[in-house]
$ cat input_37.cif   # mmCIF, C-alpha atoms, pLDDT in the B column; chains and numbers go by the auth columns
data_protein
#
loop_
_atom_site.group_PDB
_atom_site.id
_atom_site.type_symbol
_atom_site.label_atom_id
_atom_site.label_comp_id
_atom_site.label_asym_id
_atom_site.label_seq_id
_atom_site.Cartn_x
_atom_site.Cartn_y
_atom_site.Cartn_z
_atom_site.B_iso_or_equiv
_atom_site.auth_seq_id
_atom_site.auth_asym_id
ATOM 1 C CA GLU A 1 98.245 94.519 110.798 81.00 1 A
ATOM 2 C CA PRO A 2 95.326 96.618 109.518 85.00 2 A
ATOM 3 C CA GLU A 3 96.152 100.214 108.638 93.00 3 A
ATOM 4 C CA VAL A 4 94.670 103.668 108.780 97.00 4 A
ATOM 5 C CA THR A 5 95.094 105.323 105.395 96.00 5 A
ATOM 6 C CA GLN A 6 95.352 109.039 104.794 97.00 6 A
ATOM 7 C CA THR A 7 95.228 111.041 101.594 95.00 7 A
ATOM 8 C CA PRO A 8 96.882 113.079 100.286 96.00 8 A
ATOM 9 C CA SER A 9 100.331 112.599 101.803 96.00 9 A
ATOM 10 C CA HIS A 10 101.186 116.213 100.981 97.00 10 A
ATOM 11 C CA GLN A 11 98.894 119.178 100.421 97.00 11 A
ATOM 12 C CA VAL A 12 99.966 122.669 99.452 98.00 12 A
ATOM 13 C CA THR A 13 97.404 125.434 99.597 97.00 13 A
ATOM 14 C CA GLN A 14 97.137 129.192 99.561 97.00 14 A
ATOM 15 C CA MET A 15 96.207 131.060 102.723 97.00 15 A
ATOM 16 C CA GLY A 16 92.442 131.505 102.920 97.00 16 A
ATOM 17 C CA GLN A 17 91.645 128.413 100.861 98.00 17 A
ATOM 18 C CA GLU A 18 89.639 125.467 102.131 98.00 18 A
ATOM 19 C CA VAL A 19 91.292 122.074 102.466 98.00 19 A
ATOM 20 C CA ILE A 20 89.871 118.638 103.169 97.00 20 A
ATOM 21 C CA LEU A 21 92.102 115.957 104.619 98.00 21 A
ATOM 22 C CA ARG A 22 90.856 112.424 104.172 97.00 22 A
ATOM 23 C CA CYS A 23 91.238 109.325 106.283 97.00 23 A
ATOM 24 C CA VAL A 24 89.992 105.773 106.150 97.00 24 A
ATOM 25 C CA PRO A 25 90.080 104.352 109.699 96.00 25 A
ATOM 26 C CA ILE A 26 90.388 100.646 110.386 95.00 26 A
ATOM 27 C CA SER A 27 87.090 99.046 109.479 92.00 27 A
ATOM 28 C CA ASN A 28 85.999 97.686 112.867 91.00 28 A
ATOM 29 C CA HIS A 29 87.181 100.703 114.852 93.00 29 A
ATOM 30 C CA LEU A 30 84.606 102.972 116.421 91.00 30 A
ATOM 31 C CA TYR A 31 86.608 105.967 117.685 93.00 31 A
ATOM 32 C CA PHE A 32 88.357 108.374 115.395 95.00 32 A
ATOM 33 C CA TYR A 33 90.773 111.186 116.098 96.00 33 A
ATOM 34 C CA TRP A 34 92.691 113.973 114.450 98.00 34 A
ATOM 35 C CA TYR A 35 96.041 115.109 115.834 98.00 35 A
ATOM 36 C CA ARG A 36 98.501 117.583 114.428 97.00 36 A
ATOM 37 C CA GLN A 37 102.246 118.032 114.753 97.00 37 A
ATOM 38 C CA ILE A 38 103.969 121.274 113.855 94.00 38 A
ATOM 39 C CA LEU A 39 107.446 120.664 112.410 86.00 39 A
ATOM 40 C CA GLY A 40 108.627 117.749 114.579 77.00 40 A
ATOM 41 C CA GLN A 41 107.239 119.231 117.771 88.00 41 A
ATOM 42 C CA LYS A 42 104.734 117.669 120.135 90.00 42 A
ATOM 43 C CA VAL A 43 101.683 115.860 118.887 96.00 43 A
ATOM 44 C CA GLU A 44 98.566 117.918 119.684 96.00 44 A
ATOM 45 C CA PHE A 45 95.027 116.604 120.001 96.00 45 A
ATOM 46 C CA LEU A 46 92.431 118.259 117.801 97.00 46 A
ATOM 47 C CA VAL A 47 89.218 116.266 117.979 96.00 47 A
ATOM 48 C CA SER A 48 87.694 112.881 118.714 94.00 48 A
ATOM 49 C CA PHE A 49 84.625 111.470 116.987 94.00 49 A
ATOM 50 C CA TYR A 50 82.280 108.671 117.931 92.00 50 A
ATOM 51 C CA ASN A 51 78.848 107.596 116.792 90.00 51 A
ATOM 52 C CA ASN A 52 78.739 110.338 114.175 91.00 52 A
ATOM 53 C CA GLU A 53 79.403 113.181 116.524 92.00 53 A
ATOM 54 C CA ILE A 54 82.284 115.021 118.125 94.00 54 A
ATOM 55 C CA SER A 55 82.978 113.611 121.575 92.00 55 A
ATOM 56 C CA GLU A 56 85.812 115.949 122.530 92.00 56 A
ATOM 57 C CA LYS A 57 87.712 118.832 120.968 95.00 57 A
ATOM 58 C CA SER A 58 90.654 120.993 121.922 95.00 58 A
ATOM 59 C CA GLU A 59 90.918 124.767 121.940 95.00 59 A
ATOM 60 C CA ILE A 60 92.807 124.496 118.644 95.00 60 A
ATOM 61 C CA PHE A 61 89.684 123.063 117.000 96.00 61 A
ATOM 62 C CA ASP A 62 87.872 126.338 116.436 94.00 62 A
ATOM 63 C CA ASP A 63 85.105 127.271 114.022 95.00 63 A
ATOM 64 C CA GLN A 64 87.491 126.977 111.085 96.00 64 A
ATOM 65 C CA PHE A 65 87.697 123.230 111.611 97.00 65 A
ATOM 66 C CA SER A 66 85.054 120.586 111.057 97.00 66 A
ATOM 67 C CA VAL A 67 84.973 116.808 110.844 97.00 67 A
ATOM 68 C CA GLU A 68 82.646 114.502 109.042 95.00 68 A
ATOM 69 C CA ARG A 69 82.091 110.839 108.397 93.00 69 A
ATOM 70 C CA PRO A 70 80.278 111.114 105.080 88.00 70 A
ATOM 71 C CA ASP A 71 79.946 107.367 104.543 88.00 71 A
ATOM 72 C CA GLY A 72 80.796 104.140 106.316 80.00 72 A
ATOM 73 C CA SER A 73 84.508 104.333 105.670 89.00 73 A
ATOM 74 C CA ASN A 74 85.837 107.886 105.301 94.00 74 A
ATOM 75 C CA PHE A 75 86.596 110.376 108.051 96.00 75 A
ATOM 76 C CA THR A 76 87.470 113.892 106.954 97.00 76 A
ATOM 77 C CA LEU A 77 88.946 117.028 108.491 98.00 77 A
ATOM 78 C CA LYS A 78 88.030 120.298 106.804 98.00 78 A
ATOM 79 C CA ILE A 79 89.803 123.578 107.399 98.00 79 A
ATOM 80 C CA ARG A 80 87.557 126.296 106.051 96.00 80 A
ATOM 81 C CA SER A 81 89.975 129.185 105.576 95.00 81 A
ATOM 82 C CA THR A 82 93.562 128.125 106.077 97.00 82 A
ATOM 83 C CA LYS A 83 96.086 130.270 107.922 96.00 83 A
ATOM 84 C CA LEU A 84 99.873 130.119 107.770 97.00 84 A
ATOM 85 C CA GLU A 85 99.926 128.631 111.273 96.00 85 A
ATOM 86 C CA ASP A 86 97.820 125.685 110.104 97.00 86 A
ATOM 87 C CA SER A 87 100.933 124.336 108.368 97.00 87 A
ATOM 88 C CA ALA A 88 101.603 121.027 110.100 97.00 88 A
ATOM 89 C CA MET A 89 101.493 117.267 109.794 97.00 89 A
ATOM 90 C CA TYR A 90 97.938 116.091 110.407 98.00 90 A
ATOM 91 C CA PHE A 91 97.502 112.570 111.709 98.00 91 A
ATOM 92 C CA CYS A 92 94.298 110.600 111.688 98.00 92 A
ATOM 93 C CA ALA A 93 94.018 107.799 114.234 97.00 93 A
ATOM 94 C CA SER A 94 91.456 105.252 115.304 95.00 94 A
ATOM 95 C CA THR A 95 90.850 102.842 118.174 93.00 95 A
ATOM 96 C CA PRO A 96 88.432 99.935 118.527 92.00 96 A
ATOM 97 C CA GLY A 97 87.262 101.064 121.945 87.00 97 A
ATOM 98 C CA ASP A 98 87.593 103.878 124.431 85.00 98 A
ATOM 99 C CA SER A 99 88.639 102.253 127.709 84.00 99 A
ATOM 100 C CA GLY A 100 91.986 104.007 127.723 81.00 100 A
ATOM 101 C CA ALA A 101 94.040 100.853 127.258 86.00 101 A
ATOM 102 C CA GLU A 102 93.948 100.956 123.472 89.00 102 A
ATOM 103 C CA LYS A 103 96.906 102.204 121.509 92.00 103 A
ATOM 104 C CA LEU A 104 96.256 104.740 118.792 94.00 104 A
ATOM 105 C CA PHE A 105 96.432 103.317 115.282 95.00 105 A
ATOM 106 C CA PHE A 106 97.899 106.233 113.335 97.00 106 A
ATOM 107 C CA GLY A 107 97.764 106.932 109.640 97.00 107 A
ATOM 108 C CA SER A 108 100.941 108.024 107.897 96.00 108 A
ATOM 109 C CA GLY A 109 99.856 111.659 108.017 96.00 109 A
ATOM 110 C CA THR A 110 99.135 114.522 105.639 97.00 110 A
ATOM 111 C CA GLN A 111 101.742 117.251 105.502 97.00 111 A
ATOM 112 C CA LEU A 112 99.832 120.503 104.998 98.00 112 A
ATOM 113 C CA SER A 113 101.742 123.545 103.792 97.00 113 A
ATOM 114 C CA VAL A 114 99.905 126.868 103.742 97.00 114 A
ATOM 115 C CA LEU A 115 101.602 129.531 101.599 97.00 115 A
ATOM 116 C CA ALA B 1 94.033 117.808 133.254 83.00 1 W
ATOM 117 C CA GLN B 2 96.854 115.560 132.158 91.00 2 W
ATOM 118 C CA LYS B 3 100.442 116.598 131.586 96.00 3 W
ATOM 119 C CA ILE B 4 103.419 114.673 130.225 97.00 4 W
ATOM 120 C CA THR B 5 106.965 115.943 130.680 98.00 5 W
ATOM 121 C CA GLN B 6 109.934 114.674 128.723 98.00 6 W
ATOM 122 C CA THR B 7 112.966 116.573 129.925 97.00 7 W
ATOM 123 C CA GLN B 8 115.502 115.234 127.425 97.00 8 W
ATOM 124 C CA PRO B 9 115.200 116.994 124.054 95.00 9 W
ATOM 125 C CA GLY B 10 118.014 114.858 122.670 96.00 10 W
ATOM 126 C CA MET B 11 119.893 111.743 123.704 97.00 11 W
ATOM 127 C CA PHE B 12 122.869 109.891 122.257 97.00 12 W
ATOM 128 C CA VAL B 13 123.687 106.223 122.785 98.00 13 W
ATOM 129 C CA GLN B 14 126.337 103.918 121.431 98.00 14 W
ATOM 130 C CA GLU B 15 125.127 101.028 119.325 98.00 15 W
ATOM 131 C CA LYS B 16 124.459 97.880 121.401 97.00 16 W
ATOM 132 C CA GLU B 17 124.206 99.819 124.652 98.00 17 W
ATOM 133 C CA ALA B 18 121.041 100.422 126.666 98.00 18 W
ATOM 134 C CA VAL B 19 119.389 103.809 126.972 98.00 19 W
ATOM 135 C CA THR B 20 116.673 105.228 129.212 98.00 20 W
ATOM 136 C CA LEU B 21 114.283 107.909 127.993 98.00 21 W
ATOM 137 C CA ASP B 22 112.595 109.809 130.791 98.00 22 W
ATOM 138 C CA CYS B 23 108.902 110.537 131.143 98.00 23 W
ATOM 139 C CA THR B 24 107.044 112.009 134.081 98.00 24 W
ATOM 140 C CA TYR B 25 103.344 112.652 134.180 98.00 25 W
ATOM 141 C CA ASP B 26 100.691 114.410 136.167 96.00 26 W
ATOM 142 C CA THR B 27 97.040 113.484 136.350 93.00 27 W
ATOM 143 C CA SER B 28 94.167 113.526 138.805 90.00 28 W
ATOM 144 C CA ASP B 29 92.639 110.415 137.251 89.00 29 W
ATOM 145 C CA PRO B 30 92.938 107.329 139.446 89.00 30 W
ATOM 146 C CA SER B 31 93.188 104.997 136.467 91.00 31 W
ATOM 147 C CA TYR B 32 95.204 105.724 133.349 93.00 32 W
ATOM 148 C CA GLY B 33 97.270 104.194 130.611 94.00 33 W
ATOM 149 C CA LEU B 34 100.792 105.178 129.587 97.00 34 W
ATOM 150 C CA PHE B 35 102.147 104.697 126.076 97.00 35 W
ATOM 151 C CA TRP B 36 105.364 105.164 124.167 98.00 36 W
ATOM 152 C CA TYR B 37 105.431 105.870 120.440 98.00 37 W
ATOM 153 C CA LYS B 38 108.375 106.056 118.059 98.00 38 W
ATOM 154 C CA GLN B 39 108.513 108.494 115.157 96.00 39 W
ATOM 155 C CA PRO B 40 111.321 107.805 112.663 96.00 40 W
ATOM 156 C CA SER B 41 112.458 110.464 110.217 94.00 41 W
ATOM 157 C CA SER B 42 109.901 109.124 107.729 93.00 42 W
ATOM 158 C CA GLY B 43 107.224 110.600 110.010 93.00 43 W
ATOM 159 C CA GLU B 44 104.921 107.736 110.894 94.00 44 W
ATOM 160 C CA MET B 45 103.925 107.078 114.504 95.00 45 W
ATOM 161 C CA ILE B 46 104.723 103.571 115.734 96.00 46 W
ATOM 162 C CA PHE B 47 103.328 102.179 118.989 96.00 47 W
ATOM 163 C CA LEU B 48 105.982 100.601 121.199 98.00 48 W
ATOM 164 C CA ILE B 49 104.648 99.732 124.624 98.00 49 W
ATOM 165 C CA TYR B 50 101.743 100.211 127.044 97.00 50 W
ATOM 166 C CA GLN B 51 101.505 100.267 130.844 97.00 51 W
ATOM 167 C CA GLY B 52 98.276 100.433 132.824 95.00 52 W
ATOM 168 C CA SER B 53 98.337 102.325 136.101 94.00 53 W
ATOM 169 C CA TYR B 54 97.149 99.280 138.043 93.00 54 W
ATOM 170 C CA ASP B 55 99.384 96.774 136.297 93.00 55 W
ATOM 171 C CA GLN B 56 101.506 94.987 138.878 90.00 56 W
ATOM 172 C CA GLN B 57 104.443 94.325 136.605 95.00 57 W
ATOM 173 C CA ASN B 58 106.428 96.621 134.361 96.00 58 W
ATOM 174 C CA ALA B 59 105.574 96.177 130.698 97.00 59 W
ATOM 175 C CA THR B 60 108.077 94.615 128.307 97.00 60 W
ATOM 176 C CA GLU B 61 107.983 94.243 124.530 97.00 61 W
ATOM 177 C CA GLY B 62 111.101 92.694 123.071 97.00 62 W
ATOM 178 C CA ARG B 63 113.961 95.177 123.544 98.00 63 W
ATOM 179 C CA TYR B 64 111.612 97.759 125.058 98.00 64 W
ATOM 180 C CA SER B 65 110.686 97.873 128.720 98.00 65 W
ATOM 181 C CA LEU B 66 108.848 100.449 130.741 98.00 66 W
ATOM 182 C CA ASN B 67 110.234 101.377 134.147 97.00 67 W
ATOM 183 C CA PHE B 68 106.998 102.374 135.870 97.00 68 W
ATOM 184 C CA GLN B 69 107.288 104.077 139.250 96.00 69 W
ATOM 185 C CA LYS B 70 103.785 105.100 140.196 95.00 70 W
ATOM 186 C CA ALA B 71 104.637 106.969 143.380 95.00 71 W
ATOM 187 C CA ARG B 72 107.142 109.098 141.477 96.00 72 W
ATOM 188 C CA LYS B 73 104.758 109.427 138.517 96.00 73 W
ATOM 189 C CA SER B 74 107.397 108.300 136.090 97.00 74 W
ATOM 190 C CA ALA B 75 107.215 105.929 133.118 98.00 75 W
ATOM 191 C CA ASN B 76 110.678 105.739 131.620 98.00 76 W
ATOM 192 C CA LEU B 77 111.330 103.784 128.438 98.00 77 W
ATOM 193 C CA VAL B 78 114.355 101.515 128.441 98.00 78 W
ATOM 194 C CA ILE B 79 115.737 100.344 125.114 98.00 79 W
ATOM 195 C CA SER B 80 118.249 97.545 125.443 97.00 80 W
ATOM 196 C CA ALA B 81 120.930 96.687 122.877 97.00 81 W
ATOM 197 C CA SER B 82 120.372 99.845 120.812 98.00 82 W
ATOM 198 C CA GLN B 83 120.388 99.513 117.045 98.00 83 W
ATOM 199 C CA LEU B 84 121.002 102.147 114.382 98.00 84 W
ATOM 200 C CA GLY B 85 117.337 101.833 113.409 97.00 85 W
ATOM 201 C CA ASP B 86 116.336 103.032 116.872 98.00 86 W
ATOM 202 C CA SER B 87 117.386 106.561 115.913 98.00 87 W
ATOM 203 C CA ALA B 88 114.090 108.430 116.000 98.00 88 W
ATOM 204 C CA MET B 89 111.905 110.728 118.059 97.00 89 W
ATOM 205 C CA TYR B 90 110.170 109.064 121.004 98.00 90 W
ATOM 206 C CA PHE B 91 106.944 110.303 122.545 98.00 91 W
ATOM 207 C CA CYS B 92 105.459 109.415 125.900 98.00 92 W
ATOM 208 C CA ALA B 93 101.667 109.688 126.066 97.00 93 W
ATOM 209 C CA MET B 94 98.812 108.987 128.453 95.00 94 W
ATOM 210 C CA ARG B 95 95.058 108.438 128.418 93.00 95 W
ATOM 211 C CA ARG B 96 92.676 108.210 131.335 88.00 96 W
ATOM 212 C CA LYS B 97 91.082 104.822 131.729 82.00 97 W
ATOM 213 C CA ASN B 98 87.335 104.680 131.999 76.00 98 W
ATOM 214 C CA THR B 99 84.392 104.220 129.672 67.00 99 W
ATOM 215 C CA ASN B 100 85.149 107.533 127.943 73.00 100 W
ATOM 216 C CA ALA B 101 88.888 107.647 127.852 71.00 101 W
ATOM 217 C CA GLY B 102 89.058 110.288 125.189 82.00 102 W
ATOM 218 C CA LYS B 103 92.191 111.930 123.931 90.00 103 W
ATOM 219 C CA SER B 104 95.812 110.992 124.368 93.00 104 W
ATOM 220 C CA THR B 105 98.134 113.649 125.795 95.00 105 W
ATOM 221 C CA PHE B 106 101.688 113.643 124.451 97.00 106 W
ATOM 222 C CA GLY B 107 104.993 114.922 125.760 97.00 107 W
ATOM 223 C CA ASP B 108 107.361 117.089 123.735 96.00 108 W
ATOM 224 C CA GLY B 109 109.392 114.084 122.661 97.00 109 W
ATOM 225 C CA THR B 110 113.022 112.986 122.890 97.00 110 W
ATOM 226 C CA THR B 111 115.213 112.643 119.826 97.00 111 W
ATOM 227 C CA LEU B 112 117.421 109.581 120.168 98.00 112 W
ATOM 228 C CA THR B 113 120.533 109.201 118.057 98.00 113 W
ATOM 229 C CA VAL B 114 122.303 105.845 118.016 98.00 114 W
ATOM 230 C CA LYS B 115 125.994 106.104 117.168 97.00 115 W
ATOM 231 C CA PRO B 116 127.785 103.278 115.347 95.00 116 W
#
$ encode --input "input_37.cif" --output "structure tokens"
Amino acid sequence: EPEVTQTPSHQVTQMGQEVILRCVPISNHLYFYWYRQILGQKVEFLVSFYNNEISEKSEIFDDQFSVERPDGSNFTLKIRSTKLEDSAMYFCASTPGDSGAEKLFFGSGTQLSVL
Amino acid sequence: AQKITQTQPGMFVQEKEAVTLDCTYDTSDPSYGLFWYKQPSSGEMIFLIYQGSYDQQNATEGRYSLNFQKARKSANLVISASQLGDSAMYFCAMRRKNTNAGKSTFGDGTTLTVKP
């Protein structure tokens, strides 16, 4: 089965630093998402992206966060000035469509630790 | 707004027995999809099973079945013949179904431990 790939698998950063989390969605998928999970708790929606623009975002996704699809394959999440509470597992996901019947194809996640 | 409730933080089951993981939901959308995902200790999210709100039959995928009771707004996951490898966290999730389905909403998860 095709896979969503995420890099790096682990990222350690100092509070206040910028981080960029990278994802390569499945090639024929059109809808891209970022979710986060704090220490084995619930999976929280951050943002969805379609046709080179944000289609939906949560209240977590404030001005410190941004997403970009800089080329035809990569999808990135940038956190401008990291806070301790940004420490979490960040999952990228993609779907081929947006009818609601599609499962999320998740990447293996990036564990972000903010010190 | 959509809400998923998983009331069992942890469950134990004996190997080879069946186990039911509970999920109730709330939504004002007339059409929606319900999903279960498994998260082993390695951290990846694995899709297990899907049920559409207008599907006439309960979904089944191998040892997994979804006990869908629409009137009660419940979508319980049944795992038959539990195996040690089933030990993991299980998340119930939902999406509205239309041309702009958008985000998935997840429950808090249930940690299942299979005892040998």
$ closest_residue --input "input_37.cif" --among "W:Asp26, W:Met89, W:Val78, W:Leu112" --to "Ile46 (chain W)" --atoms "all atoms listed in the file"
W:Met89
$ closest_atom_pairs --input "input_37.cif" --of "chain W" --to "chain A" --cutoff "10 Å" --atoms "only C-alpha atoms" --output "CSV"
residue,atom,partner,partner_atom,distance
W:Ser31,CA,A:Gly100,CA,8.9
W:Tyr32,CA,A:Gly100,CA,6.7
W:Gly33,CA,A:Ala101,CA,5.7
W:Leu34,CA,A:Ala101,CA,8.3
W:Phe35,CA,A:Lys103,CA,7.4
W:Trp36,CA,A:Lys103,CA,9.3
W:Tyr37,CA,A:Lys103,CA,9.3
W:Gln39,CA,A:Gly40,CA,9.3
W:Ser41,CA,A:Gly40,CA,9.3
W:Ser42,CA,A:Ser108,CA,9.0
W:Gly43,CA,A:Ser108,CA,7.1
W:Glu44,CA,A:Ser108,CA,5.0
W:Met45,CA,A:Phe106,CA,6.2
W:Ile46,CA,A:Phe106,CA,7.7
W:Phe47,CA,A:Lys103,CA,6.9
W:Leu48,CA,A:Lys103,CA,9.2
W:Ile49,CA,A:Lys103,CA,8.7
W:Tyr50,CA,A:Lys103,CA,7.6
W:Gln51,CA,A:Ala101,CA,8.3
W:Gly52,CA,A:Ala101,CA,7.0
W:Ser53,CA,A:Ala101,CA,9.9
W:Met89,CA,A:Gly40,CA,8.5
W:Phe91,CA,A:Lys42,CA,8.1
W:Ala93,CA,A:Val43,CA,9.5
W:Met94,CA,A:Gly100,CA,8.5
W:Arg95,CA,A:Gly100,CA,5.4
W:Arg96,CA,A:Gly100,CA,5.6
W:Lys97,CA,A:Gly100,CA,4.2
W:Asn98,CA,A:Ser99,CA,5.1
W:Thr99,CA,A:Ser99,CA,5.1
W:Asn100,CA,A:Asp98,CA,5.6
W:Ala101,CA,A:Gly100,CA,4.8
W:Gly102,CA,A:Asp98,CA,6.6
W:Lys103,CA,A:Phe45,CA,6.7
W:Ser104,CA,A:Phe45,CA,7.2
W:Thr105,CA,A:Phe45,CA,7.2
W:Phe106,CA,A:Val43,CA,6.0
W:Gly107,CA,A:Lys42,CA,6.3
W:Asp108,CA,A:Lys42,CA,4.5
W:Gly109,CA,A:Lys42,CA,6.4
W:Thr110,CA,A:Lys42,CA,9.9
W:Thr111,CA,A:Gly40,CA,9.8
$ residues_around --input "input_37.cif" --residues "Glu18 (chain A)" --least-positions-apart "2" --cutoff "6 Å" --atoms "all atoms listed in the file" --output "JSON, numbers by chain"
{"A": [79, 80, 81]}
$ resolve_selection --input "input_37.cif" --expression "the PyMOL selection byres ((chain A and resi 65) around 9)" --output "PDB file with C-alpha atoms, in the frame of the given file"
ATOM      1  CA  ILE A  60      92.807 124.496 118.644  1.00 95.00           C
ATOM      2  CA  PHE A  61      89.684 123.063 117.000  1.00 96.00           C
ATOM      3  CA  ASP A  62      87.872 126.338 116.436  1.00 94.00           C
ATOM      4  CA  ASP A  63      85.105 127.271 114.022  1.00 95.00           C
ATOM      5  CA  GLN A  64      87.491 126.977 111.085  1.00 96.00           C
ATOM      6  CA  SER A  66      85.054 120.586 111.057  1.00 97.00           C
ATOM      7  CA  VAL A  67      84.973 116.808 110.844  1.00 97.00           C
ATOM      8  CA  LEU A  77      88.946 117.028 108.491  1.00 98.00           C
ATOM      9  CA  LYS A  78      88.030 120.298 106.804  1.00 98.00           C
ATOM     10  CA  ILE A  79      89.803 123.578 107.399  1.00 98.00           C
ATOM     11  CA  ARG A  80      87.557 126.296 106.051  1.00 96.00           C
ATOM     12  CA  SER A  81      89.975 129.185 105.576  1.00 95.00           C
TER      13      SER A  81
END
$ closest_residue --input "input_37.cif" --among "A:Leu30, A:Ile54, A:Gln37, A:Leu112" --to "Pro8 (chain A)" --atoms "only C-alpha atoms"
A:Leu112
$ atom_distance --input "input_37.cif" --atom1 "CA of Pro30 (chain W)" --atom2 "CA of Glu53 (chain A)"
27.3 Å
$ closest_residue --input "input_37.cif" --among "A:Asn51, A:Thr82, A:Ser73, A:Ser87" --to "Arg22 (chain A)" --atoms "only C-alpha atoms"
A:Ser73
$ residues_around --input "input_37.cif" --residues "Pro25 (chain A)" --least-positions-apart "2" --cutoff "7 Å" --atoms "only C-alpha atoms" --output "list in words"
Val4, Thr5, Cys23, Ser27, His29, Ser73, Ala93 and Ser94 of chain A
$ atom_distance --input "input_37.cif" --atom1 "CA of Ile4 (chain W)" --atom2 "CA of Asp86 (chain A)"
23.6 Å
$ residues_near_point --input "input_37.cif" --point "(103.7, 111.5, 138.9)" --cutoff "12 Å" --atoms "all atoms listed in the file" --output "PyMOL selection string"
chain W and resi 2-5+23-30+32+34+53+68-76+94
$ closest_residue --input "input_37.cif" --among "W:Leu21, W:Val114, W:Leu66, W:Val13" --to "Tyr90 (chain W)" --atoms "only C-alpha atoms"
W:Leu21
$ resolve_selection --input "input_37.cif" --expression "the PyMOL selection byres ((chain A and resi 12) around 8)" --output "list in words"
His10, Gln11, Thr13, Gln14, Leu112, Ser113, Val114 and Leu115 of chain A
$ axis_aligned_box --input "input_37.cif" --around "region 52-55 of chain W" --padding-each-side "3 Å" --output "AutoDock Vina command-line options"
--center_x 98.3 --center_y 99.5 --center_z 135.4 --size_x 8.2 --size_y 11.6 --size_z 11.2
$ atom_distance --input "input_37.cif" --atom1 "CA of Ile38 (chain A)" --atom2 "CA of Tyr90 (chain A)"
8.7 Å
$ residues_near_point --input "input_37.cif" --point "(97.1, 132.4, 105.1)" --cutoff "6 Å" --atoms "only C-alpha atoms" --output "list in words"
Met15, Gly16, Thr82, Lys83 and Leu84 of chain A
$ resolve_selection --input "input_37.cif" --expression "the PyMOL selection byres ((chain W and resi 86) around 9)" --output "PDB file with C-alpha atoms, in the coordinates of the input"
ATOM      1  CA  LYS W  38     108.375 106.056 118.059  1.00 98.00           C
ATOM      2  CA  PRO W  40     111.321 107.805 112.663  1.00 96.00           C
ATOM      3  CA  ILE W  79     115.737 100.344 125.114  1.00 98.00           C
ATOM      4  CA  SER W  82     120.372  99.845 120.812  1.00 98.00           C
ATOM      5  CA  GLN W  83     120.388  99.513 117.045  1.00 98.00           C
ATOM      6  CA  LEU W  84     121.002 102.147 114.382  1.00 98.00           C
ATOM      7  CA  GLY W  85     117.337 101.833 113.409  1.00 97.00           C
ATOM      8  CA  SER W  87     117.386 106.561 115.913  1.00 98.00           C
ATOM      9  CA  ALA W  88     114.090 108.430 116.000  1.00 98.00           C
ATOM     10  CA  MET W  89     111.905 110.728 118.059  1.00 97.00           C
ATOM     11  CA  LEU W 112     117.421 109.581 120.168  1.00 98.00           C
ATOM     12  CA  THR W 113     120.533 109.201 118.057  1.00 98.00           C
ATOM     13  CA  VAL W 114     122.303 105.845 118.016  1.00 98.00           C
TER      14      VAL W 114
END
